[in-house]
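J.: Structure file target-v7.cif (mmCIF, C-alpha atoms (C1' of nucleotides)) right here:
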data_work
loop_
_atom_site.label_atom_id
_atom_site.label_comp_id
_atom_site.auth_asym_id
_atom_site.auth_seq_id
_atom_site.Cartn_x
_atom_site.Cartn_y
_atom_site.Cartn_z
CA MET A 17 -10.23 3.75 -30.19
CA ASN A 18 -6.77 5.25 -29.79
CA ASN A 19 -7.89 8.62 -31.09
CA ILE A 20 -6.06 11.74 -30.02
CA ASN A 21 -8.55 12.76 -27.35
CA SER A 22 -8.71 9.45 -25.54
CA LEU A 23 -4.92 9.16 -25.63
CA LYS A 24 -4.65 12.68 -24.24
CA LEU A 25 -6.96 11.71 -21.40
CA GLU A 26 -4.89 8.59 -20.65
CA ILE A 27 -1.79 10.73 -20.36
CA GLN A 28 -3.53 13.30 -18.17
CA ASN A 29 -4.87 10.60 -15.89
CA LYS A 30 -1.29 9.77 -15.04
CA LYS A 31 -0.54 13.41 -14.18
CA ILE A 32 1.51 13.94 -17.31
CA LYS A 33 1.07 17.23 -19.08
CA PRO A 34 -0.19 16.40 -22.55
CA SER A 35 2.14 18.38 -24.76
CA LEU A 36 1.88 17.84 -28.49
CA ILE A 37 5.15 15.92 -28.57
CA ARG A 38 4.08 13.62 -25.77
CA ILE A 39 0.71 12.93 -27.35
CA LYS A 40 2.34 12.17 -30.68
CA ILE A 41 4.87 9.78 -29.16
CA TYR A 42 2.22 8.03 -27.14
CA GLU A 43 -0.07 7.83 -30.16
CA PHE A 44 2.71 6.33 -32.23
CA LEU A 45 3.41 3.65 -29.63
CA LYS A 46 -0.26 2.84 -29.20
CA ASN A 47 -0.77 2.36 -32.93
CA THR A 48 2.12 0.05 -33.73
CA LYS A 49 3.01 -3.49 -32.84
CA GLU A 50 6.58 -3.02 -34.01
CA HIS A 51 8.08 -2.23 -30.60
CA PRO A 52 10.19 0.65 -31.95
CA ASP A 53 13.26 2.12 -30.32
CA ALA A 54 13.81 5.82 -29.58
CA GLU A 55 15.57 6.47 -32.88
CA ILE A 56 12.73 5.04 -34.98
CA ILE A 57 10.19 7.14 -33.09
CA TYR A 58 12.39 10.19 -33.54
CA GLN A 59 12.85 9.69 -37.28
CA LYS A 60 9.15 9.06 -37.83
CA LEU A 61 7.86 12.04 -35.85
CA LYS A 62 10.53 14.42 -37.14
CA LYS A 63 8.63 14.42 -40.42
CA GLU A 64 5.59 15.88 -38.68
CA ILE A 65 7.44 18.00 -36.14
CA PRO A 66 10.66 19.21 -37.80
CA THR A 67 11.97 20.89 -34.64
CA LEU A 68 11.76 17.66 -32.66
CA SER A 69 14.93 16.64 -30.83
CA ARG A 70 16.11 13.23 -29.74
CA ALA A 71 16.29 14.42 -26.15
CA SER A 72 12.54 15.10 -26.17
CA VAL A 73 11.86 11.60 -27.37
CA TYR A 74 14.09 10.09 -24.70
CA ASN A 75 12.57 12.37 -22.05
CA ALA A 76 9.02 11.44 -22.96
CA LEU A 77 9.76 7.71 -23.14
CA LYS A 78 11.46 7.80 -19.76
CA LEU A 79 8.53 9.64 -18.24
CA PHE A 80 6.00 7.24 -19.75
CA VAL A 81 7.88 4.25 -18.38
CA GLU A 82 8.06 5.82 -14.92
CA LYS A 83 4.35 6.53 -14.99
CA GLY A 84 3.63 3.02 -16.21
CA ILE A 85 1.81 3.79 -19.44
CA ILE A 86 4.38 2.08 -21.67
CA LYS A 87 6.91 -0.71 -21.16
CA GLU A 88 10.58 -1.08 -21.92
CA ILE A 89 11.68 -4.14 -23.86
CA LYS A 90 15.30 -4.90 -23.14
CA ILE A 91 15.73 -7.79 -25.51
CA GLU A 92 18.31 -6.25 -27.85
CA LYS A 93 21.97 -6.08 -27.01
CA ASP A 94 22.43 -2.36 -27.42
CA LEU A 95 19.15 -0.51 -27.39
CA ILE A 96 15.80 -0.31 -25.67
CA ARG A 97 12.58 -0.93 -27.55
CA TYR A 98 9.22 0.33 -26.31
CA ASP A 99 5.81 -1.26 -26.06
CA GLY A 100 2.54 0.66 -25.89
CA ASP A 101 0.77 -2.52 -24.83
CA ILE A 102 1.14 -2.84 -21.07
CA LEU A 103 -1.03 -5.91 -20.75
CA ARG A 104 0.92 -8.87 -19.43
CA HIS A 105 2.77 -10.75 -22.14
CA ALA A 106 6.19 -12.12 -22.99
CA HIS A 107 8.44 -11.25 -25.91
CA PHE A 108 10.01 -13.71 -28.28
CA LYS A 109 12.96 -12.95 -30.52
CA CYS A 110 13.98 -15.20 -33.39
CA LYS A 111 17.70 -15.96 -33.21
CA LYS A 112 17.86 -16.28 -36.98
CA CYS A 113 15.81 -13.48 -38.54
CA GLY A 114 15.53 -11.26 -35.48
CA ILE A 115 11.77 -10.79 -35.60
CA LEU A 116 10.18 -9.75 -32.30
CA ILE A 117 6.84 -11.32 -31.46
CA ASP A 118 4.40 -10.90 -28.57
CA ILE A 119 3.68 -14.10 -26.68
CA GLU A 120 0.53 -14.52 -24.67
CA ILE A 121 1.08 -15.99 -21.24
CA LYS A 122 -1.32 -18.62 -20.00
CA GLU A 123 -2.26 -16.90 -16.78
CA LYS A 124 -3.41 -19.86 -14.73
CA ASN A 125 -0.40 -22.00 -15.28
CA TYR A 126 2.20 -19.36 -14.74
CA GLU A 127 3.49 -19.42 -11.21
CA LEU A 128 6.80 -18.61 -9.70
CA MET A 129 7.84 -20.22 -6.49
CA ILE A 130 9.34 -17.55 -4.33
CA LYS A 131 11.29 -19.14 -1.51
CA ASN A 132 11.47 -15.89 0.36
CA LYS A 133 7.81 -15.11 0.82
CA ASN A 134 8.45 -11.52 1.79
CA ILE A 135 9.67 -10.52 -1.61
CA LYS A 136 7.09 -8.34 -3.26
CA ILE A 137 7.05 -8.59 -7.04
CA LEU A 138 5.82 -5.48 -8.81
CA GLU A 139 6.95 -6.10 -12.35
CA GLU A 140 8.18 -8.85 -14.62
CA GLN A 141 9.93 -9.07 -17.95
CA ILE A 142 9.95 -12.36 -19.82
CA TYR A 143 12.16 -12.79 -22.86
CA LEU A 144 12.20 -15.88 -25.02
CA PHE A 145 14.67 -16.74 -27.76
CA GLY A 146 14.54 -19.37 -30.44
CA LEU A 147 13.32 -19.96 -33.96
CA CYS A 148 10.19 -18.38 -35.40
CA ASP A 149 7.72 -20.27 -37.54
CA LYS A 150 9.40 -19.43 -40.84
CA CYS A 151 12.98 -19.98 -39.71
CA ASN A 152 12.06 -23.18 -37.93
CA LYS A 153 10.52 -24.66 -41.10
CA LYS A 154 13.55 -23.72 -43.19
CA SER A 155 16.06 -25.38 -40.93
CA MET B 15 33.83 -29.40 -6.76
CA ASN B 16 34.72 -26.41 -8.86
CA ASN B 17 38.42 -27.13 -8.65
CA ILE B 18 40.69 -26.00 -11.44
CA ASN B 19 40.90 -29.37 -13.13
CA SER B 20 37.19 -30.04 -13.31
CA LEU B 21 36.55 -26.51 -14.54
CA LYS B 22 39.23 -26.98 -17.17
CA LEU B 23 37.52 -30.15 -18.32
CA GLU B 24 34.16 -28.40 -18.52
CA ILE B 25 35.67 -25.76 -20.76
CA GLN B 26 37.40 -28.34 -22.94
CA ASN B 27 34.21 -30.32 -23.30
CA LYS B 28 32.73 -27.31 -25.05
CA LYS B 29 35.67 -27.13 -27.47
CA ILE B 30 37.10 -24.06 -25.81
CA LYS B 31 40.85 -23.93 -25.43
CA PRO B 32 41.54 -23.71 -21.70
CA SER B 33 43.93 -20.80 -21.50
CA LEU B 34 44.85 -19.57 -18.04
CA ILE B 35 42.76 -16.45 -18.47
CA ARG B 36 39.71 -18.40 -19.53
CA ILE B 37 40.04 -20.85 -16.67
CA LYS B 38 40.40 -18.03 -14.17
CA ILE B 39 37.36 -16.18 -15.49
CA TYR B 40 35.28 -19.33 -15.52
CA GLU B 41 36.48 -20.25 -12.04
CA PHE B 42 35.57 -16.80 -10.75
CA LEU B 43 32.05 -17.04 -12.16
CA LYS B 44 31.55 -20.55 -10.82
CA ASN B 45 32.54 -19.55 -7.32
CA THR B 46 30.41 -16.46 -6.82
CA LYS B 47 26.72 -15.81 -6.55
CA GLU B 48 27.21 -12.09 -7.06
CA HIS B 49 26.49 -12.07 -10.81
CA PRO B 50 29.42 -9.75 -11.58
CA ASP B 51 29.83 -7.63 -14.68
CA ALA B 52 32.90 -7.60 -16.92
CA GLU B 53 34.54 -4.73 -15.07
CA ILE B 54 34.33 -6.46 -11.69
CA ILE B 55 35.83 -9.63 -13.12
CA TYR B 56 38.56 -7.57 -14.77
CA GLN B 57 39.44 -5.68 -11.59
CA LYS B 58 39.49 -8.84 -9.50
CA LEU B 59 41.61 -10.93 -11.84
CA LYS B 60 43.99 -8.10 -12.67
CA LYS B 61 45.43 -8.57 -9.19
CA GLU B 62 46.45 -12.11 -10.06
CA ILE B 63 47.26 -11.49 -13.72
CA PRO B 64 48.63 -7.95 -14.01
CA THR B 65 48.87 -8.07 -17.81
CA LEU B 66 45.17 -8.86 -18.17
CA SER B 67 43.22 -6.61 -20.50
CA ARG B 68 39.53 -5.78 -20.54
CA ALA B 69 39.27 -7.08 -24.09
CA SER B 70 40.31 -10.54 -22.93
CA VAL B 71 37.60 -10.54 -20.30
CA TYR B 72 34.97 -9.44 -22.80
CA ASN B 73 36.25 -11.98 -25.34
CA ALA B 74 36.12 -14.85 -22.89
CA LEU B 75 32.68 -13.92 -21.57
CA LYS B 76 31.30 -13.66 -25.09
CA LEU B 77 32.76 -17.03 -25.99
CA PHE B 78 31.39 -18.67 -22.83
CA VAL B 79 27.90 -17.31 -23.54
CA GLU B 80 28.04 -18.57 -27.13
CA LYS B 81 29.13 -21.99 -25.96
CA GLY B 82 26.43 -22.01 -23.30
CA ILE B 83 28.54 -22.47 -20.19
CA ILE B 84 27.52 -19.16 -18.62
CA LYS B 85 24.47 -16.88 -18.93
CA GLU B 86 24.03 -13.19 -19.52
CA ILE B 87 21.82 -11.28 -17.11
CA LYS B 88 20.45 -8.18 -18.80
CA ILE B 89 18.66 -6.72 -15.83
CA GLU B 90 20.67 -3.52 -15.42
CA LYS B 91 20.10 -0.50 -17.59
CA ASP B 92 23.64 -0.07 -18.83
CA LEU B 93 25.68 -3.21 -18.36
CA ILE B 94 25.58 -6.98 -18.63
CA ARG B 95 26.06 -9.19 -15.59
CA TYR B 96 27.12 -12.81 -15.85
CA ASP B 97 25.94 -15.97 -14.16
CA GLY B 98 27.99 -19.14 -13.81
CA ASP B 99 24.85 -21.02 -12.80
CA ILE B 100 23.12 -22.12 -15.98
CA LEU B 101 20.38 -24.10 -14.27
CA ARG B 102 16.97 -22.66 -14.97
CA HIS B 103 16.06 -19.81 -12.66
CA ALA B 104 14.74 -16.26 -12.71
CA HIS B 105 16.40 -13.09 -11.42
CA PHE B 106 14.85 -10.61 -9.05
CA LYS B 107 16.07 -7.07 -8.58
CA CYS B 108 14.97 -4.89 -5.68
CA LYS B 109 13.81 -1.51 -6.93
CA LYS B 110 14.90 0.12 -3.70
CA CYS B 111 18.29 -1.32 -2.69
CA GLY B 112 19.21 -2.86 -6.03
CA ILE B 113 20.10 -6.30 -4.70
CA LEU B 114 19.99 -9.09 -7.28
CA ILE B 115 18.58 -12.41 -6.12
CA ASP B 116 18.15 -15.80 -7.79
CA ILE B 117 14.58 -17.04 -7.87
CA GLU B 118 13.77 -20.69 -8.21
CA ILE B 119 11.09 -21.45 -10.76
CA LYS B 120 8.45 -24.00 -9.87
CA GLU B 121 8.88 -26.18 -12.88
CA LYS B 122 5.49 -27.87 -13.00
CA ASN B 123 3.43 -24.73 -12.88
CA TYR B 124 5.42 -22.72 -15.32
CA GLU B 125 3.92 -22.90 -18.75
CA LEU B 126 3.75 -20.48 -21.57
CA MET B 127 0.95 -20.69 -24.04
CA ILE B 128 2.43 -20.27 -27.46
CA LYS B 129 -0.30 -19.50 -29.96
CA ASN B 130 1.95 -20.19 -32.88
CA LYS B 131 2.89 -23.78 -32.24
CA ASN B 132 5.76 -23.75 -34.69
CA ILE B 133 7.84 -21.36 -32.63
CA LYS B 134 10.75 -23.20 -31.12
CA ILE B 135 11.94 -21.80 -27.83
CA LEU B 136 15.59 -22.39 -27.09
CA GLU B 137 16.23 -19.98 -24.28
CA GLU B 138 14.40 -17.83 -21.76
CA GLN B 139 15.26 -14.91 -19.52
CA ILE B 140 12.94 -14.00 -16.69
CA TYR B 141 13.45 -10.77 -14.80
CA LEU B 142 11.40 -9.74 -11.79
CA PHE B 143 11.38 -6.36 -10.08
CA GLY B 144 9.97 -5.30 -6.76
CA LEU B 145 10.87 -5.03 -3.09
CA CYS B 146 13.20 -7.44 -1.33
CA ASP B 147 12.52 -8.79 2.14
CA LYS B 148 14.36 -6.00 3.96
CA CYS B 149 13.05 -3.11 1.87
CA ASN B 150 9.52 -4.50 1.96
CA LYS B 151 9.51 -4.60 5.77
CA LYS B 152 10.83 -1.06 6.04
CA SER B 153 8.18 0.48 3.81
"C1'" DT C 27 -3.38 42.11 -20.11
"C1'" DT C 28 1.61 41.95 -18.25
"C1'" DA C 29 5.13 40.11 -15.32
"C1'" DT C 30 7.07 36.14 -13.38
"C1'" DA C 31 7.73 31.54 -12.35
"C1'" DA C 32 7.72 26.74 -13.79
"C1'" DA C 33 8.03 23.29 -17.15
"C1'" DA C 34 9.18 21.56 -21.70
"C1'" DT C 35 12.12 21.52 -25.56
"C1'" DT C 36 16.35 21.95 -27.94
"C1'" DA C 37 21.28 21.16 -30.00
"C1'" DG C 38 25.06 19.35 -29.14
"C1'" DA C 39 28.52 17.72 -25.83
"C1'" DA C 40 29.60 14.10 -22.54
"C1'" DT C 41 29.34 9.45 -20.85
"C1'" DC C 42 30.61 4.86 -20.65
"C1'" DA C 43 30.00 -0.15 -21.48
"C1'" DT C 44 31.26 -2.65 -25.16
"C1'" DT C 45 33.44 -3.63 -29.62
"C1'" DC C 46 36.97 -3.08 -32.88
"C1'" DT C 47 41.75 -2.92 -34.61
"C1'" DA C 48 46.19 -4.05 -35.50
"C1'" DA C 49 50.24 -5.49 -33.29
"C1'" DA C 50 52.57 -8.59 -30.04
"C1'" DA C 51 52.75 -12.85 -27.57
"C1'" DT C 52 51.67 -17.51 -27.11
"C1'" DT C 53 50.53 -22.06 -28.62
"C1'" DA C 54 50.03 -25.78 -32.01
"C1'" DA C 55 51.26 -28.16 -36.19
"C1'" DA C 56 54.42 -29.74 -39.59
"C1'" DT D 4 62.90 -25.00 -35.78
"C1'" DT D 5 59.69 -22.64 -39.06
"C1'" DT D 6 55.24 -21.53 -40.02
"C1'" DA D 7 50.60 -20.98 -39.17
"C1'" DA D 8 46.84 -20.29 -36.08
"C1'" DT D 9 45.13 -18.57 -31.90
"C1'" DT D 10 45.07 -15.62 -27.95
"C1'" DT D 11 46.04 -11.51 -25.70
"C1'" DT D 12 46.86 -6.72 -25.49
"C1'" DA D 13 46.37 -1.36 -25.37
"C1'" DG D 14 44.00 1.91 -26.85
"C1'" DA D 15 40.90 3.88 -30.29
"C1'" DA D 16 36.19 3.77 -32.06
"C1'" DT D 17 31.32 3.07 -31.54
"C1'" DG D 18 26.80 4.41 -30.48
"C1'" DA D 19 22.72 4.53 -27.55
"C1'" DT D 20 21.59 7.26 -23.94
"C1'" DT D 21 22.14 11.06 -20.65
"C1'" DC D 22 23.52 15.54 -19.45
"C1'" DT D 23 23.88 20.60 -19.84
"C1'" DA D 24 22.69 25.05 -20.33
"C1'" DA D 25 20.12 28.02 -23.18
"C1'" DT D 26 15.68 28.92 -25.32
"C1'" DT D 27 10.85 28.43 -25.89
"C1'" DT D 28 6.43 27.46 -24.26
"C1'" DT D 29 2.96 27.17 -20.76
"C1'" DA D 30 0.90 28.32 -16.36
"C1'" DT D 31 0.13 31.53 -12.51
"C1'" DA D 32 -0.61 35.88 -10.24
"C1'" DA D 33 -1.25 40.60 -9.78
#
Could I get this structure in the form of structure tokens?
T.:
Amino acid sequence: MNNINSLKLEIQNKKIKPSLIRIKIYEFLKNTKEHPDAEIIYQKLKKEIPTLSRASVYNALKLFVEKGIIKEIKIEKDLIRYDGDILRHAHFKCKKCGILIDIEIKEKNYELMIKNKNIKILEEQIYLFGLCDKCNKKS
Amino acid sequence: MNNINSLKLEIQNKKIKPSLIRIKIYEFLKNTKEHPDAEIIYQKLKKEIPTLSRASVYNALKLFVEKGIIKEIKIEKDLIRYDGDILRHAHFKCKKCGILIDIEIKEKNYELMIKNKNIKILEEQIYLFGLCDKCNKKS
DNA sequence: TTATAAAATTAGAATCATTCTAAAATTAAA
DNA sequence: TTTAATTTTAGAATGATTCTAATTTTATAA
């Protein structure tokens, strides 16, 4: 799972040309649960691809988000983090230590009451803030 | 409701010194459903208070958020909008026309399943994206 | 192949909301 | 008052992201 060839196919299925840079960025996102930002991806891949530029990272991430194969996480004040897991889930950030954790959503019980029935919801982003296990025990 | 004196009291109850600028900013947020950003608040109040600086607006907004009397809405790519309504609700943004709409949450049916039971959730931000009534009918 | 067009990549400049800084003004305390 | 503490201010600094224009790579056609 998540080998280069299957990742390449996933990209191609979305009509994205599978350049080396794009495959590498996508691979990186698919194999981490750290929800990295553009700079972290850039620094990591620069070791493998010394000519890599930040612009290419930003370009690829933007394209991936548009095509729906990754998700933006806008939980930080000043930067965007990225998630290779596009299955429905919420994100929790500890107010004390800053750790970012995936939160499973109980599908059945989650319902929003839309007064205006004609609104069509295509996407959702759920951010939770509080105290993680460790920080909660300490306090 | 929402007269100067009651707003002043609300601010004071949160141990915030009720300077004119703070009262005016709080009043503005309490009397609009537009979810303005700092710049809009600045431009609007500058007419009344010509000496007003952007820094004061940012300072007051930051303080209000910390004290919990207003909420940040981080639904735009590049700026923060503010909400004087701190009652629990989600925000919907139309992908076509960009309109921002409050969405009531059906309390009973909204449940998150937290695997790690020790996580303590103190705050939530729910953002929805899609097509508003008008844009949905057109397409 | 070779020529040509299209797309991807690059380095670095530009953008722009927000934060920072240090001074001035205001308010509170003694 | 006098002094201290807080608030406000203008403008500089910050920093993630976007833009630009040139270069490189890839695809297409003859």
J.: Hey, list the chain D side of the contact with chain A: 10 Å cut-off, only C-alpha atoms (C1' of nucleotides), answer as a ChimeraX atom specification.
T.: /D:18-22,29
J.: Evaluate the PyMOL selection byres ((chain D and resi 8) around 12) on the structure here and hand back the selected residues as number ranges by chain.
T.: C: 52-55; D: 6-7, 9-10
J.: With C-alpha atoms (C1' of nucleotides) kept, could you save the residues just selected as a tab-separated table (two decimals), in the coordinates of the input?
T.:
chain	number	residue	atom	x	y	z
C	52	DT	C1'	51.67	-17.51	-27.11
C	53	DT	C1'	50.53	-22.06	-28.62
C	54	DA	C1'	50.03	-25.78	-32.01
C	55	DA	C1'	51.26	-28.16	-36.19
D	6	DT	C1'	55.24	-21.53	-40.02
D	7	DA	C1'	50.60	-20.98	-39.17
D	9	DT	C1'	45.13	-18.57	-31.90
D	10	DT	C1'	45.07	-15.62	-27.95
J.: Find the residues in chain A near chain C: any atom within 12 Å counts, using only C-alpha atoms (C1' of nucleotides). Write them as a ChimeraX atom specification.
T.: /A:32-38,66-76,93-94
J.: Please write the residues picked by the PyMOL selection byres ((chain B and resi 134) around 10) on this file as a list in words.
T.: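 Applied to this file, the PyMOL selection byres ((chain B and resi 134) around 10) returns Phe108, Cys110, Leu144, Phe145, Gly146, Leu147, Cys148, Asp149, Cys151 and Asn152 of chain A; Ile128, Asn130, Lys131, Asn132, Ile133, Ile135, Leu136 and Glu137 of chain B.
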J.: Could you jot down the CA of Ile84 in chain B to CA of Glu48 in chain B separation for me, Å, one decimal place?
T.: 13.6 Å
J.: What lies within 9 Å of Arg104 in chain A using all atoms listed in the file, ignoring chain neighbours under 2 positions off, as number ranges by chain?
T.: A: 101-102, 106, 120-121, 140
J.: Mind telling me what the PyMOL selection byres ((chain A and resi 43) around 9) catches here, as a PyMOL selection string?
T.: chain A and resi 18-20+23-24+38-42+44-48+100
J.: In Å, with one decimal, what is the gap from CA of Gln28 in chain A to CA of Phe80 in chain A?
T.: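 Result for CA of Gln28 in chain A versus CA of Phe80 in chain A: 11.4 Å, one decimal.
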J.: Expressed in Å to a single decimal, how great is the separation between CA of Leu114 in chain B and CA of Ile89 in chain B?
T.: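 Rounded to one decimal, the two atoms are 9.0 Å apart.
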J.: Kindly provide, as AutoDock Vina command-line options, the centre and edge lengths (Å, one decimal) of an axis-aligned box around all atoms of range 19-25 of chain B given in the file, with 8 Å on each side.
T.:
--center_x 37.5 --center_y -28.0 --center_z -16.9 --size_x 22.7 --size_y 20.4 --size_z 23.6
J.: Which residue gives the smallest distance to chain B among A:Lys90, A:Lys30, A:Lys63, A:Lys49, with all atoms listed in the file counted?
T.: A:Lys90
J.: Can you work out which one of B:His49, B:Lys58, B:Lys81, B:Lys107 has the shortest atom-to-atom distance to chain A, counting only C-alpha atoms?
T.: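 For chain A, the nearest of the candidates is B:Lys107.
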J.: How would range 60-78 of chain A read, as an mmCIF file, keeping the file's coordinate frame, once N, CA and C atoms are built in?
T.:
data_model
loop_
_atom_site.group_PDB
_atom_site.id
_atom_site.type_symbol
_atom_site.label_atom_id
_atom_site.label_comp_id
_atom_site.auth_asym_id
_atom_site.auth_seq_id
_atom_site.Cartn_x
_atom_site.Cartn_y
_atom_site.Cartn_z
ATOM 1 N N LYS A 60 10.522 9.037 -37.330
ATOM 2 C CA LYS A 60 9.150 9.060 -37.830
ATOM 3 C C LYS A 60 8.465 10.392 -37.513
ATOM 4 N N LEU A 61 8.576 10.838 -36.273
ATOM 5 C CA LEU A 61 7.860 12.040 -35.850
ATOM 6 C C LEU A 61 8.533 13.322 -36.334
ATOM 7 N N LYS A 62 9.808 13.240 -36.650
ATOM 8 C CA LYS A 62 10.530 14.420 -37.140
ATOM 9 C C LYS A 62 9.904 14.931 -38.444
ATOM 10 N N LYS A 63 9.293 14.019 -39.173
ATOM 11 C CA LYS A 63 8.630 14.420 -40.420
ATOM 12 C C LYS A 63 7.447 15.346 -40.157
ATOM 13 N N GLU A 64 6.744 15.053 -39.066
ATOM 14 C CA GLU A 64 5.590 15.880 -38.680
ATOM 15 C C GLU A 64 5.996 17.112 -37.905
ATOM 16 N N ILE A 65 7.002 16.922 -37.040
ATOM 17 C CA ILE A 65 7.440 18.000 -36.140
ATOM 18 C C ILE A 65 8.929 18.230 -36.399
ATOM 19 N N PRO A 66 9.256 19.074 -37.365
ATOM 20 C CA PRO A 66 10.660 19.210 -37.800
ATOM 21 C C PRO A 66 11.613 19.688 -36.706
ATOM 22 N N THR A 67 11.088 20.383 -35.701
ATOM 23 C CA THR A 67 11.970 20.890 -34.640
ATOM 24 C C THR A 67 12.243 19.849 -33.549
ATOM 25 N N LEU A 68 11.613 18.702 -33.687
ATOM 26 C CA LEU A 68 11.760 17.660 -32.660
ATOM 27 C C LEU A 68 13.221 17.284 -32.427
ATOM 28 N N SER A 69 13.570 17.087 -31.152
ATOM 29 C CA SER A 69 14.930 16.640 -30.830
ATOM 30 C C SER A 69 14.900 15.246 -30.222
ATOM 31 N N ARG A 70 16.022 14.569 -30.341
ATOM 32 C CA ARG A 70 16.110 13.230 -29.740
ATOM 33 C C ARG A 70 15.856 13.289 -28.240
ATOM 34 N N ALA A 71 16.419 14.318 -27.605
ATOM 35 C CA ALA A 71 16.290 14.420 -26.150
ATOM 36 C C ALA A 71 14.823 14.402 -25.729
ATOM 37 N N SER A 72 13.964 15.073 -26.516
ATOM 38 C CA SER A 72 12.540 15.100 -26.170
ATOM 39 C C SER A 72 11.923 13.720 -26.249
ATOM 40 N N VAL A 73 12.359 12.964 -27.241
ATOM 41 C CA VAL A 73 11.860 11.600 -27.370
ATOM 42 C C VAL A 73 12.296 10.763 -26.172
ATOM 43 N N TYR A 74 13.585 10.847 -25.851
ATOM 44 C CA TYR A 74 14.090 10.090 -24.700
ATOM 45 C C TYR A 74 13.410 10.542 -23.418
ATOM 46 N N ASN A 75 13.233 11.854 -23.256
ATOM 47 C CA ASN A 75 12.570 12.370 -22.050
ATOM 48 C C ASN A 75 11.154 11.826 -21.921
ATOM 49 N N ALA A 76 10.417 11.884 -23.005
ATOM 50 C CA ALA A 76 9.020 11.440 -22.960
ATOM 51 C C ALA A 76 8.939 9.941 -22.667
ATOM 52 N N LEU A 77 9.787 9.162 -23.335
ATOM 53 C CA LEU A 77 9.760 7.710 -23.140
ATOM 54 C C LEU A 77 10.079 7.361 -21.684
ATOM 55 N N LYS A 78 11.077 8.048 -21.147
ATOM 56 C CA LYS A 78 11.460 7.800 -19.760
ATOM 57 C C LYS A 78 10.296 8.102 -18.813
#
